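**Student:** Supplied in structure tokens, the structure appears directly below.
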Amino acid sequence: YVAKKKRYYTTPTEIFARGFELYMSKRIDSSFLKDADTYATNSAYTCFTDDARIELEKFFNEALPEKVGNYSTLELVMWVWRDTTKIEF
């Protein structure tokens, strides 16, 4: 499926969104997030290499408030969107 939608899945916005989703899936429980098995087996997420995941961790660790668990999902999404819209890919 991902291979057929390569153009969509390789847009900077989609890469950022799935990267953020991967990052948050380890930190909060939310009905917006999928189960751990999906992140481990679905090709939309497994295409992130180990090195890419390390870089995502570094990026979001620096970009997000220290106590992620103290914020609602919506607050975090809005905060990240507001502060990262100037990032060039």
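If you're wondering about the labels, chains in the structure tokens are A, B, ... by order shown, residues count from 1 in each chain, ligands from 1 in order shown.
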Using only C-alpha atoms, which protein or nucleic acid residues come within 12 Å of Ser25 in chain A? Drop anything in the same chain fewer than 5 positions from it, and give the result as JSON, numbers by chain.
**Tutor:** {"A": [18, 19, 20, 30, 31, 32, 33, 34, 35, 36, 37, 38, 39, 40, 45, 57, 68, 69, 73]}
**Student:** Would you compute the distance between CA of Val2 in chain A and CA of Ala44 in chain A? Give it in Å to one decimal.
**Tutor:**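 Spanning CA of Val2 in chain A to CA of Ala44 in chain A is a straight-line distance of 6.1 Å.
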**Student:** So, counting only C-alpha atoms, which residue among A:Arg7, A:Tyr1, A:Pro12, A:Leu22 is closest to Ile54 in chain A?
**Tutor:** A:Leu22
**Student:** Distance CA of Thr41 in chain A-CA of Asn61 in chain A, one decimal place?
**Tutor:**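 So the answer is 24.2 Å.
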**Student:** Find the residues around Ile15 in chain A up to 12 Å (only C-alpha atoms counted), leave out those fewer than 6 positions away in its own chain, and share them as a list in words.
**Tutor:** Lys6, Arg7, Tyr8, Tyr9, Glu21, Leu22, Ala44, Tyr45, Cys47, Phe48, Ala52, Arg53, Leu56 and Phe89 of chain A
**Student:** My list of candidates is A:Thr13, A:Leu64, A:Ala3, A:Asn42. Which is closest to Arg27 in chain A when distances are computed with only C-alpha atoms?
**Tutor:**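 Among A:Thr13, A:Leu64, A:Ala3, A:Asn42, it is A:Leu64 that comes nearest to Arg27 in chain A.
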